[in-house]
Amino acid sequence: MAAAAGSDPAAADPQPLPPIHHLPSDALHNVLLRLHLRDAVVCRPVSRLFNDALSAQFLALLPTLRLLLLRHPRPDGGGCLHAFDPDRRYWLRLPFSHFLPYQAFSPVASSTSLLYLWVETSSSTTTTTTTVPSLPSTSSSSSPAHPPKSLAVCNPFAGTYRLLPPLGSAWARHGTVLAGPAGTVLVLTELAALSYTPTGSAKWMKHPLSLPSKPRSPILASAAAAVFALCDVGTPWRSQWKLFSCPLAMLTGGWAPVERSAWGDVFEILKRPRLLAGAGGRRVLMIGGLRSSFAMDAPCSTVLILRLDLATMEWDEAGRMPPNMYRCFTGLCEAASQGNPMPTATAAGGNNKVKVFGGDGKVWFAGKRVRGKLAMWEEDETGGTGGKWDWVDGVPGYADGVYRGFVFDGGFTAIP
């Protein structure tokens, strides 16, 4: 029989489904398990089939995505953060505006799959009957110059977030945030520390710090379940650094110096040392400028990375920045490219204000004289090669200032 007038035979027949829809579910899952995590997240909104198959439970099976997350020198919103994938060697943007209702935010710490941010909130947003901890001799009230901030935990890949119990604004201005396992969070200042565990009392606990000075670059060594920090025990005219540690289970009264007679003058050879966590949380890295002598104003010859093995409590040299790379941080490369007079060796060696950041065996270096790129060092597990040095080009928005950052393992293994 002829088709009815005005009918469209092509429209009457349903379109055949793509071949992937005919795969058995176990075969489809086997294919999707081979995806990179970021590619899997991008595929979710493509179709209902992918959205159902790529559930949060399924995505938790994929390996986490290790990123260097950059913290903008002047956070002013924008709804996204820049990150670098060291394995694929490319930059990417992580959007936040689709799930985070705060325009201004700054990332400060991370644990596996979870990212911690200071977010600017209105007073009505954080109104609660919970007692807000305050710093000793410090007002916790906000002002136009220091708007109220709250600490939020989020999963940027899952698009979920949660505000932690409120804190006084002074903690955001002066505190260093450390993220531990199972949602544990620490905020350290010169006089006190706060700890928060969601499975415990679900409120901030205050611990006095019995340290001789403000803790410098505190880190959390996951394998040792302890916090390590440097303290200056010298004089106003000359710094003298000492290593302190505290078990996570004994934040009140647990701080003690970490020292061995065999270490000698290991803390005297570095200028402006900084701590970072080594690979797997089994080692502590100490990075600083290598002094050319023990004189107080001695210039630095390069950047040195020392490593403390927490099992043997022995230091070794993990890496040393190549001379040609270090020259770029002193301004010698810039002067040569512009045809300017070369600075003296003393001036070049003293101009080594290098920003150091990273974690878990990866260290990045930034400086005002190194434009649009970062130096990167990766720890060598065997300790026989001095690690791997390389340049990372194409830093986005570098004209805005010098970035800092930290390592973030993105994934779906934890949801706030």
# chains A, B, ... in the order shown; residues from 1 in each chain; ligands from 1
call {"tool": "select_by_dssp", "arguments": {"residues": "stretch 235-410 of chain A", "states": "alpha helix (DSSP H)", "output": "JSON, numbers by chain"}}
result
{"A": [323, 324, 325, 326, 327, 328, 329, 330, 332, 333, 334, 335, 336, 337, 338, 345, 346, 347, 348, 349, 350]}
call {"tool": "atom_distance", "arguments": {"atom1": "atom CA of A:Gly200", "atom2": "atom CA of A:Tyr102"}}
result
27.8 Å
call {"tool": "closest_atom_pairs", "arguments": {"of": "stretch 22-93 of chain A", "to": "stretch 352-358 of chain A", "cutoff": "12 Å", "atoms": "only C-alpha atoms", "output": "tab-separated table"}}
result
residue	atom	partner	partner_atom	distance
A:Arg66	CA	A:Gly358	CA	11.4
A:Leu67	CA	A:Gly358	CA	9.8
A:Leu68	CA	A:Gly358	CA	7.2
A:Leu69	CA	A:Gly358	CA	8.9
A:Leu70	CA	A:Phe357	CA	9.7
A:Arg71	CA	A:Phe357	CA	10.5
A:Pro73	CA	A:Lys355	CA	11.8
A:Phe84	CA	A:Gly358	CA	11.6
A:Pro86	CA	A:Gly358	CA	11.8
call {"tool": "closest_residue", "arguments": {"among": "A:Ala27, A:Met321, A:Leu151, A:Leu100", "to": "A:Trp118", "atoms": "only C-alpha atoms"}}
result
A:Leu151
